[in-house]
file my_file_30.cif (mmCIF, C-alpha atoms and all ligand atoms)
data_input
loop_
_atom_site.label_atom_id
_atom_site.label_comp_id
_atom_site.auth_asym_id
_atom_site.auth_seq_id
_atom_site.Cartn_x
_atom_site.Cartn_y
_atom_site.Cartn_z
CA MET A 1132 12.23 -9.67 23.38
CA PHE A 1133 11.49 -6.04 22.71
CA GLU A 1134 9.10 -6.54 19.77
CA ARG A 1135 7.79 -3.01 19.58
CA ARG A 1136 11.25 -1.49 19.48
CA LEU A 1137 12.33 -3.75 16.64
CA GLN A 1138 9.13 -3.07 14.73
CA GLU A 1139 9.73 0.66 15.03
CA VAL A 1140 13.26 0.25 13.66
CA ARG A 1141 11.89 -1.68 10.68
CA LYS A 1142 9.24 0.95 10.10
CA HIS A 1143 12.05 3.46 9.92
CA LEU A 1144 14.02 1.28 7.48
CA GLU A 1145 10.99 1.11 5.21
CA THR A 1146 10.08 4.78 5.27
CA SER A 1147 13.66 5.90 4.69
CA GLY A 1148 14.47 3.30 2.04
CA LEU A 1149 17.26 1.65 4.04
CA ASP A 1150 18.22 -2.01 3.75
CA ALA A 1151 19.78 -2.25 7.19
CA LEU A 1152 20.68 -0.27 10.29
CA LEU A 1153 23.89 -0.74 12.27
CA VAL A 1154 23.35 0.07 15.92
CA SER A 1155 26.72 0.58 17.61
CA HIS A 1156 26.03 2.91 20.55
CA LEU A 1157 25.97 0.60 23.58
CA PRO A 1158 22.96 2.13 25.38
CA HIS A 1159 21.05 1.66 22.12
CA VAL A 1160 22.29 -1.92 21.77
CA ARG A 1161 21.01 -2.50 25.28
CA TYR A 1162 17.70 -0.83 24.46
CA LEU A 1163 17.13 -3.19 21.53
CA THR A 1164 18.47 -6.42 23.02
CA GLY A 1165 18.81 -6.14 26.80
CA PHE A 1166 22.57 -6.81 26.57
CA SER A 1167 24.46 -4.98 29.32
CA GLY A 1168 28.08 -5.80 28.38
CA SER A 1169 30.73 -3.48 27.01
CA ASN A 1170 31.15 -4.74 23.44
CA GLY A 1171 28.25 -5.32 21.11
CA LEU A 1172 26.76 -4.41 17.76
CA CYS A 1173 23.26 -4.89 16.34
CA VAL A 1174 22.49 -5.32 12.69
CA VAL A 1175 18.82 -4.96 11.85
CA THR A 1176 17.70 -5.72 8.30
CA LEU A 1177 14.16 -5.80 6.95
CA SER A 1178 13.79 -9.48 7.81
CA LYS A 1179 16.51 -10.37 10.33
CA GLN A 1180 18.21 -9.11 13.45
CA TYR A 1181 21.71 -9.99 14.61
CA PHE A 1182 23.68 -9.29 17.73
CA LEU A 1183 27.48 -9.54 17.64
CA THR A 1184 29.92 -9.63 20.53
CA ASP A 1185 33.20 -11.27 21.58
CA ASN A 1186 34.06 -14.39 23.54
CA ARG A 1187 33.87 -12.73 26.95
CA TYR A 1188 30.14 -12.37 26.57
CA ARG A 1189 29.25 -15.84 25.30
CA GLU A 1190 27.23 -16.77 28.40
CA GLN A 1191 25.93 -13.33 29.28
CA SER A 1192 24.55 -12.69 25.82
CA LYS A 1193 22.70 -16.01 25.90
CA THR A 1194 20.97 -15.19 29.17
CA GLU A 1195 20.23 -11.55 28.41
CA ILE A 1196 19.13 -11.72 24.78
CA ASP A 1197 16.43 -13.55 22.95
CA GLY A 1198 14.96 -13.03 19.52
CA PHE A 1199 18.30 -12.03 17.97
CA GLU A 1200 20.72 -14.29 16.15
CA ILE A 1201 23.78 -14.11 18.42
CA VAL A 1202 27.22 -14.16 16.82
CA ILE A 1203 30.31 -14.62 19.01
CA THR A 1204 33.51 -13.69 17.24
CA SER A 1205 37.22 -13.17 17.78
CA ASP A 1206 37.28 -10.84 14.73
CA THR A 1207 36.22 -7.24 14.87
CA LEU A 1208 32.42 -7.10 14.97
CA LEU A 1209 32.23 -5.50 11.52
CA LYS A 1210 34.43 -8.16 9.96
CA ALA A 1211 32.23 -10.82 11.49
CA ALA A 1212 29.19 -9.07 10.04
CA ARG A 1213 30.75 -9.36 6.60
CA LYS A 1214 31.83 -13.00 7.03
CA ARG A 1215 28.31 -13.94 8.08
CA GLY A 1216 26.88 -12.10 5.09
CA MET A 1217 24.59 -9.95 7.24
CA ILE A 1218 24.72 -6.92 5.01
CA ASN A 1219 26.55 -8.25 1.95
CA GLY A 1220 24.83 -7.05 -1.18
CA LYS A 1221 22.75 -4.56 0.80
CA LYS A 1222 22.81 -1.17 -0.82
CA LYS A 1223 21.74 1.41 1.68
CA ILE A 1224 22.93 1.00 5.21
CA GLY A 1225 22.18 3.41 8.03
CA PHE A 1226 24.72 3.94 10.82
CA GLU A 1227 24.79 6.01 14.00
CA SER A 1228 27.06 8.82 12.88
CA GLN A 1229 27.19 10.50 16.29
CA TYR A 1230 28.70 7.41 17.84
CA LEU A 1231 30.97 5.90 15.18
CA SER A 1232 34.61 6.96 15.09
CA VAL A 1233 36.10 8.16 11.83
CA SER A 1234 38.44 5.17 11.70
CA THR A 1235 35.59 2.69 12.19
CA PHE A 1236 33.69 4.43 9.44
CA GLU A 1237 36.71 4.17 7.11
CA ASN A 1238 36.84 0.50 7.97
CA LEU A 1239 33.18 0.09 7.23
CA LYS A 1240 33.61 1.54 3.75
CA LYS A 1241 36.54 -0.77 3.06
CA LEU A 1242 34.69 -3.87 4.24
CA PHE A 1243 31.56 -3.10 2.23
CA PRO A 1244 32.80 -1.25 -0.86
CA SER A 1245 29.59 -1.58 -2.84
CA ALA A 1246 27.27 -0.29 -0.11
CA SER A 1247 26.30 3.31 0.47
CA PHE A 1248 26.21 4.48 4.06
CA VAL A 1249 23.59 6.87 5.33
CA SER A 1250 24.26 8.95 8.43
CA LYS A 1251 21.45 8.48 10.95
CA ARG A 1252 21.31 10.70 14.00
CA SER A 1253 18.24 9.83 15.96
CA VAL A 1254 16.52 6.59 14.97
CA ILE A 1255 16.75 4.84 18.34
CA GLU A 1256 16.55 8.14 20.25
CA THR A 1257 13.18 8.91 18.68
CA ILE A 1258 11.80 5.46 19.47
CA ALA A 1259 13.18 5.56 23.00
CA ALA A 1260 11.69 8.99 23.74
CA VAL A 1261 8.28 7.38 24.26
CA LYS A 1262 8.67 5.10 27.23
CA GLU A 1263 6.93 1.78 27.77
CA GLU A 1264 5.29 1.23 31.16
CA SER A 1265 8.09 -1.15 32.20
CA GLU A 1266 10.64 1.56 31.46
CA ILE A 1267 8.70 4.13 33.47
CA GLU A 1268 8.70 1.65 36.37
CA ALA A 1269 12.48 1.30 36.02
CA ILE A 1270 13.00 5.08 36.08
CA LYS A 1271 10.70 5.30 39.11
CA ARG A 1272 12.84 2.71 40.91
CA ALA A 1273 15.96 4.75 40.20
CA ALA A 1274 14.18 7.93 41.34
CA ALA A 1275 13.00 6.28 44.57
CA ILE A 1276 16.59 5.31 45.39
CA THR A 1277 17.78 8.86 44.74
CA ASP A 1278 15.01 10.25 46.98
CA LYS A 1279 16.16 7.93 49.77
CA VAL A 1280 19.75 9.02 49.24
CA PHE A 1281 18.70 12.67 49.56
CA ARG A 1282 17.32 11.95 53.04
CA LYS A 1283 20.62 10.33 54.04
CA VAL A 1284 22.65 13.20 52.63
CA LEU A 1285 20.66 15.74 54.65
CA LEU A 1286 22.03 14.09 57.79
CA ALA A 1287 25.59 14.67 56.61
CA LEU A 1288 25.17 18.30 55.51
CA LYS A 1289 26.77 20.42 58.21
CA PRO A 1290 29.07 23.42 58.44
CA GLY A 1291 32.69 22.30 58.05
CA VAL A 1292 31.95 19.29 55.83
CA ARG A 1293 33.68 19.29 52.40
CA GLU A 1294 31.65 19.15 49.20
CA LEU A 1295 33.65 16.04 48.24
CA ASP A 1296 32.50 14.30 51.43
CA ILE A 1297 28.91 14.89 50.38
CA ALA A 1298 29.60 13.54 46.89
CA ALA A 1299 31.11 10.43 48.50
CA GLU A 1300 27.98 10.00 50.67
CA ILE A 1301 25.82 10.17 47.55
CA SER A 1302 27.82 7.43 45.77
CA TYR A 1303 27.91 5.25 48.86
CA TRP A 1304 24.18 5.41 49.55
CA HIS A 1305 23.22 4.95 45.90
CA GLN A 1306 25.00 1.62 45.91
CA ARG A 1307 23.82 0.64 49.37
CA PHE A 1308 20.21 1.20 48.27
CA GLY A 1309 20.59 -1.02 45.21
CA ALA A 1310 21.65 1.21 42.32
CA ASP A 1311 24.42 0.18 39.93
CA GLY A 1312 26.12 3.49 40.71
CA ASP A 1313 25.88 7.24 40.18
CA ALA A 1314 24.31 8.28 36.88
CA PHE A 1315 26.89 11.07 36.54
CA GLU A 1316 29.48 12.87 38.62
CA SER A 1317 27.45 14.52 41.40
CA ILE A 1318 27.25 18.28 41.58
CA VAL A 1319 27.75 19.65 45.08
CA ALA A 1320 28.09 23.43 44.94
CA SER A 1321 27.99 25.47 48.14
CA GLY A 1322 27.88 29.23 48.75
CA PRO A 1323 29.25 31.29 45.85
CA ARG A 1324 30.07 28.07 43.96
CA GLY A 1325 26.31 27.60 43.58
CA ALA A 1326 26.52 30.18 40.80
CA LEU A 1327 28.14 27.49 38.65
CA PRO A 1328 25.28 25.49 37.16
CA HIS A 1329 27.65 22.50 36.89
CA GLY A 1330 29.87 22.96 39.92
CA ARG A 1331 31.56 19.66 40.67
CA ALA A 1332 32.31 18.85 44.29
CA THR A 1333 35.59 20.30 45.52
CA GLU A 1334 37.64 20.48 48.71
CA LYS A 1335 35.62 23.53 49.75
CA ARG A 1336 34.04 23.29 53.16
CA ILE A 1337 30.39 24.18 53.58
CA ARG A 1338 29.80 27.25 55.74
CA LYS A 1339 26.93 28.29 57.94
CA GLY A 1340 24.26 30.29 56.10
CA GLU A 1341 25.21 28.95 52.66
CA PHE A 1342 22.98 27.36 50.11
CA VAL A 1343 24.15 23.99 48.84
CA THR A 1344 22.98 22.79 45.44
CA LEU A 1345 23.01 19.01 45.08
CA ASP A 1346 22.43 17.59 41.61
CA PHE A 1347 22.73 13.83 41.49
CA GLY A 1348 21.13 10.66 40.20
CA CYS A 1349 21.67 6.94 39.88
CA LYS A 1350 21.68 4.26 37.26
CA CYS A 1351 19.55 1.26 38.06
CA LYS A 1352 19.06 -1.64 35.62
CA GLY A 1353 20.01 0.59 32.73
CA TYR A 1354 17.75 3.55 33.62
CA ASN A 1355 18.67 6.89 35.16
CA SER A 1356 17.31 9.31 37.73
CA ASP A 1357 18.28 12.98 38.01
CA LEU A 1358 17.40 15.18 40.98
CA THR A 1359 18.44 18.64 42.14
CA ARG A 1360 17.68 20.19 45.50
CA THR A 1361 19.10 23.34 47.02
CA VAL A 1362 19.12 23.45 50.81
CA ALA A 1363 20.28 26.06 53.30
CA VAL A 1364 22.81 25.10 55.95
CA GLY A 1365 21.73 27.57 58.62
CA PRO A 1366 19.39 30.51 57.98
CA PRO A 1367 19.93 32.06 54.51
CA THR A 1368 19.77 35.76 53.62
CA GLU A 1369 16.47 37.45 52.72
CA ARG A 1370 17.64 37.64 49.13
CA GLY A 1371 18.44 33.93 49.17
CA ARG A 1372 14.94 33.12 50.37
CA LYS A 1373 13.43 35.29 47.67
CA ILE A 1374 15.42 33.62 44.89
CA TYR A 1375 14.50 30.22 46.22
CA ARG A 1376 10.81 31.13 46.16
CA ILE A 1377 10.98 32.38 42.58
CA VAL A 1378 12.74 29.24 41.31
CA LEU A 1379 10.25 27.01 43.10
CA GLU A 1380 7.29 28.94 41.67
CA ALA A 1381 8.76 28.76 38.16
CA GLN A 1382 9.33 25.03 38.50
CA ARG A 1383 5.78 24.40 39.73
CA MET A 1384 4.33 26.48 36.90
CA ALA A 1385 6.23 24.44 34.29
CA ILE A 1386 5.08 21.17 35.89
CA GLU A 1387 1.52 22.49 35.91
CA ALA A 1388 1.75 23.33 32.20
CA THR A 1389 3.07 19.89 31.21
CA ARG A 1390 0.59 17.80 29.25
CA PRO A 1391 0.47 15.95 25.91
CA GLY A 1392 0.48 18.13 22.81
CA VAL A 1393 2.26 21.14 24.34
CA PRO A 1394 5.35 22.36 22.44
CA ALA A 1395 8.37 21.72 24.69
CA ARG A 1396 9.55 25.32 24.23
CA ASN A 1397 6.34 26.57 25.86
CA LEU A 1398 7.29 24.86 29.11
CA ASP A 1399 10.66 26.59 29.04
CA ARG A 1400 8.83 29.84 28.31
CA VAL A 1401 6.44 29.48 31.26
CA ALA A 1402 9.31 29.12 33.74
CA ARG A 1403 11.50 31.73 32.05
CA ARG A 1404 8.73 34.33 31.93
CA HIS A 1405 8.10 34.01 35.65
CA ILE A 1406 11.78 34.38 36.50
CA ARG A 1407 12.05 37.36 34.14
CA GLN A 1408 8.99 39.07 35.62
CA LYS A 1409 10.60 38.80 39.04
CA GLY A 1410 13.70 40.54 37.69
CA PHE A 1411 16.11 37.61 37.37
CA GLY A 1412 15.65 36.76 33.67
CA LYS A 1413 19.29 36.99 32.73
CA TYR A 1414 20.35 34.76 35.59
CA PHE A 1415 18.48 31.67 34.32
CA SER A 1416 21.25 30.71 31.96
CA HIS A 1417 20.35 27.23 30.71
CA SER A 1418 17.35 25.44 29.24
CA LEU A 1419 14.52 24.12 31.38
CA GLY A 1420 15.19 20.40 31.06
CA HIS A 1421 16.05 17.31 29.06
CA GLY A 1422 14.74 13.84 28.23
CA LEU A 1423 15.76 11.09 30.62
CA GLY A 1424 15.89 7.29 30.33
CA ILE A 1425 18.64 4.93 29.23
CA GLU A 1426 20.81 8.03 29.03
CA ILE A 1427 20.98 10.96 31.37
CA HIS A 1428 20.49 13.43 28.53
CA GLU A 1429 18.13 12.31 25.80
CA PRO A 1430 16.16 14.09 23.14
CA LEU A 1431 13.19 16.14 24.01
CA ARG A 1432 14.88 19.38 24.72
CA LEU A 1433 12.98 21.83 26.83
CA SER A 1434 14.58 24.97 25.47
CA VAL A 1435 13.56 28.23 23.82
CA LYS A 1436 14.42 26.82 20.40
CA SER A 1437 13.10 23.27 20.84
CA LYS A 1438 10.91 21.92 18.07
CA ASP A 1439 9.82 18.92 20.15
CA VAL A 1440 6.21 18.39 21.14
CA VAL A 1441 5.41 16.74 24.46
CA ARG A 1442 3.85 13.26 24.08
CA VAL A 1443 2.33 10.66 26.38
CA GLY A 1444 5.16 8.46 27.68
CA ASN A 1445 7.88 11.12 27.51
CA VAL A 1446 10.04 11.30 30.61
CA PHE A 1447 12.04 14.46 31.22
CA THR A 1448 13.45 16.80 33.84
CA ILE A 1449 12.15 20.23 34.83
CA GLU A 1450 15.00 22.23 36.37
CA PRO A 1451 14.94 26.01 36.37
CA GLY A 1452 17.63 27.91 38.27
CA ILE A 1453 18.94 31.35 39.14
CA TYR A 1454 22.70 31.91 39.32
CA LEU A 1455 24.25 35.07 40.71
CA GLN A 1456 27.96 35.40 40.03
CA GLY A 1457 29.96 35.69 43.24
CA VAL A 1458 26.86 35.20 45.39
CA GLY A 1459 25.37 31.76 44.79
CA GLY A 1460 22.58 29.92 43.07
CA VAL A 1461 19.38 27.92 43.40
CA ARG A 1462 18.17 25.10 41.17
CA ILE A 1463 15.29 22.69 41.73
CA GLU A 1464 14.93 19.65 39.47
CA ASP A 1465 12.34 16.91 39.26
CA ASP A 1466 11.78 14.04 36.83
CA VAL A 1467 8.30 13.81 35.31
CA VAL A 1468 6.40 11.40 33.08
CA VAL A 1469 3.74 12.67 30.70
CA ARG A 1470 0.35 11.02 31.09
CA GLU A 1471 -2.92 11.41 29.16
CA SER A 1472 -4.22 13.59 31.95
CA GLY A 1473 -1.11 15.73 32.42
CA CYS A 1474 2.07 15.10 34.26
CA GLU A 1475 3.18 12.78 37.03
CA VAL A 1476 6.16 13.84 39.12
CA ILE A 1477 8.42 10.83 39.70
CA THR A 1478 10.93 12.31 42.13
CA LYS A 1479 9.29 12.85 45.50
CA SER A 1480 11.83 14.71 47.63
CA PRO A 1481 10.35 17.75 49.40
CA LYS A 1482 10.84 21.13 47.75
CA GLU A 1483 9.91 23.68 50.38
CA LEU A 1484 13.03 25.55 51.49
CA MET A 1485 14.88 23.41 54.00
CA ILE A 1486 17.00 25.13 56.61
CA LEU A 1487 19.26 22.59 58.28
ZN ZN B 1501 20.45 17.01 37.35
ZN ZN B 1502 19.14 17.28 34.63
#

call {"tool": "encode", "arguments": {"input": "my_file_30.cif", "output": "structure tokens", "more": "lines below"}}
Ligand code: ZN
Ligand code: ZN
result
Amino acid sequence: MFERRLQEVRKHLETSGLDALLVSHLPHVRYLTGFSGSNGLCVVTLSKQYFLTDNRYREQSKTEIDGFEIVITSDTLLKAARKRGMINGKKKIGFESQYLSVSTFENLKKLFPSASFVSKRSVIETIAAVKEESEIEAIKRAAAITDKVFRKVLLALKPGVRELDIAAEISYWHQRFGADGDAFESIVASGPRGALPHGRATEKRIRKGEFVTLDFGCKCKGYNSDLTRTVAVGPPTERGRKIYRIVLEAQRMAIEATRPGVPARNLDRVARRHIRQKGFGKYFSHSLGHGLGIEIHEPLRLSVKSKDVVRVGNVFTIEPGIYLQGVGGVRIEDDVVVRESGCEVITKSPKELMIL
């Protein structure tokens, strides 16, 4: 049972004067209970915690969850919560407003007419932003698989191969090496398509002399990895080499600057300043990185405007890039965990420019 996580939820209930929290977003349900199925709801009150699901998950919920009262129902989960009296008479109930549909919310108000509902946007996210050692281990396992997949993919990267073929290789090897699957649709962007920071794989064939940006990751036991490498298929242009060098320097500087207590926006600034000084400031068109864990994008934004402060146990990506319209792009992304002494890089794939 995830004691600390539950305690943190209760602390939040107390400080914000709530009587209960409904946790409906499945990755959050999994974070609190360990349940990996596709239908579940948690109700956490000041003294009790319930998990609700349907008949399909009778056995699975028993093996995956302990420490929660498990309710199996053929009703909707909210109706079952009312029948069991989980939040009857409770006055202030928090719910995850980002993840509840309008119709479910209408339903909620009908089922509990005397309660007031408080929109909560980041209760679990805030707790989950500081990883436990077991979670860091899980992310490292996912990252190690992705590193292995990168080595396999290098063997397939040749002139004439389609971007989609490379995306298929990534999915195949992720599963062969023990992941549950891709963490997200892989980005494979070659030549001029590299100027699209989120260029999905297409029918385009890779040509000699092009850069190929590969951005991919896997999900493994509920945790994600996220890696980007840009490699050259045949010798790149002088300009290409220069851009690559600048992005790599910027990325290393941001990693170097990562330690507890640093405002997240400063890390973005370190990388951005370097790229600007080299004359490519306006071509780094996204933020430096994002939190990573049970979801591929989690809080802890590494952006110019971020108000987050880096803490021990945070896991996030560092991924500067330069994108030149009509020409191509370079991005390099690693996953890092923040330690007392600084920053540990979890993804281990080589970063020096590779010319295949
Ligand atoms: Zn990525
Ligand atoms: Zn990323």

call {"tool": "closest_residue", "arguments": {"input": "my_file_30.cif", "among": "A:Leu1208, A:Ala1332, A:Ile1427, A:Ala1151", "to": "Asp1185 (chain A)", "atoms": "all atoms listed in the file"}}
result
A:Leu1208

call {"tool": "atom_distance", "arguments": {"input": "my_file_30.cif", "atom1": "CA of Tyr1162 (chain A)", "atom2": "CA of Arg1136 (chain A)"}}
result
8.2 Å

call {"tool": "atom_distance", "arguments": {"input": "my_file_30.cif", "atom1": "CA of Gly1171 (chain A)", "atom2": "CA of Leu1137 (chain A)"}}
result
16.6 Å

call {"tool": "residues_near_ligand", "arguments": {"input": "my_file_30.cif", "ligand": "ligand ZN 1502 (chain B)", "cutoff": "10 Å", "atoms": "all atoms listed in the file", "output": "list of chain:residue names"}}
result
A:Asp1346, A:Phe1347, A:Gly1348, A:Ser1356, A:Asp1357, A:Leu1358, A:Thr1359, A:Ser1418, A:Leu1419, A:Gly1420, A:His1421, A:Gly1422, A:Leu1423, A:Ile1427, A:His1428, A:Phe1447, A:Thr1448, A:Ile1449, A:Glu1450, A:Pro1451, A:Ile1463, A:Glu1464, A:Asp1465, A:Asp1466

call {"tool": "residues_around", "arguments": {"input": "my_file_30.cif", "residues": "region 1274-1277 of chain A", "least_positions_apart": "6", "cutoff": "10 Å", "atoms": "all atoms listed in the file", "output": "VMD selection string"}}
result
chain A and resid 1268 1283 1301 1304 to 1310 1313 1347 to 1351 1354 to 1358 1465 to 1466 1477 to 1480

call {"tool": "closest_residue", "arguments": {"input": "my_file_30.cif", "among": "A:Gly1444, A:Pro1158, A:Gly1452, A:Gly1365", "to": "ligand ZN 1501 (chain B)", "atoms": "only C-alpha atoms and all ligand atoms"}}
result
A:Gly1452

call {"tool": "closest_residue", "arguments": {"input": "my_file_30.cif", "among": "A:Val1441, A:Ile1386, A:Leu1433, A:Leu1345", "to": "ligand ZN 1501 (chain B)", "atoms": "all atoms listed in the file"}}
result
A:Leu1345

call {"tool": "residues_around", "arguments": {"input": "my_file_30.cif", "residues": "Phe1415 (chain A)", "least_positions_apart": "2", "cutoff": "6 Å", "atoms": "only C-alpha atoms", "output": "PyMOL selection string"}}
result
chain A and resi 1412-1413+1452-1453

call {"tool": "atom_distance", "arguments": {"input": "my_file_30.cif", "atom1": "CA of Gly1459 (chain A)", "atom2": "CA of Ala1381 (chain A)"}}
result
18.1 Å

call {"tool": "residues_near_point", "arguments": {"input": "my_file_30.cif", "point": "(39.0, 22.2, 51.1)", "cutoff": "9 Å", "atoms": "only C-alpha atoms", "output": "PyMOL selection string"}}
result
chain A and resi 1292-1295+1333-1336

call {"tool": "closest_residue", "arguments": {"input": "my_file_30.cif", "among": "A:Val1140, A:Ser1434, A:Lys1214, A:Ser1155", "to": "Lys1179 (chain A)", "atoms": "all atoms listed in the file"}}
result
A:Val1140

call {"tool": "closest_residue", "arguments": {"input": "my_file_30.cif", "among": "A:Gln1408, A:Ser1317, A:Ser1147, A:Gln1456", "to": "ligand ZN 1501 (chain B)", "atoms": "all atoms listed in the file"}}
result
A:Ser1317

call {"tool": "residues_around", "arguments": {"input": "my_file_30.cif", "residues": "Ile1374 (chain A)", "least_positions_apart": "5", "cutoff": "12 Å", "atoms": "all atoms listed in the file", "output": "PyMOL selection string"}}
result
chain A and resi 1342+1361+1367-1369+1379-1381+1405-1407+1409-1412+1414-1415+1451-1455+1458-1463+1484

call {"tool": "closest_residue", "arguments": {"input": "my_file_30.cif", "among": "A:Ile1318, A:Leu1183, A:Met1384, A:Leu1285", "to": "ligand ZN 1501 (chain B)", "atoms": "only C-alpha atoms and all ligand atoms"}}
result
A:Ile1318

call {"tool": "residues_around", "arguments": {"input": "my_file_30.cif", "residues": "Val1443 (chain A)", "least_positions_apart": "5", "cutoff": "12 Å", "atoms": "only C-alpha atoms", "output": "NGL selection string"}}
result
:A and (1260-1264 or 1267 or 1389-1393 or 1467-1475)

call {"tool": "residues_around", "arguments": {"input": "my_file_30.cif", "residues": "Arg1213 (chain A)", "least_positions_apart": "4", "cutoff": "10 Å", "atoms": "only C-alpha atoms", "output": "ChimeraX atom specification"}}
result
/A:1208-1209,1217-1219,1239,1242-1243
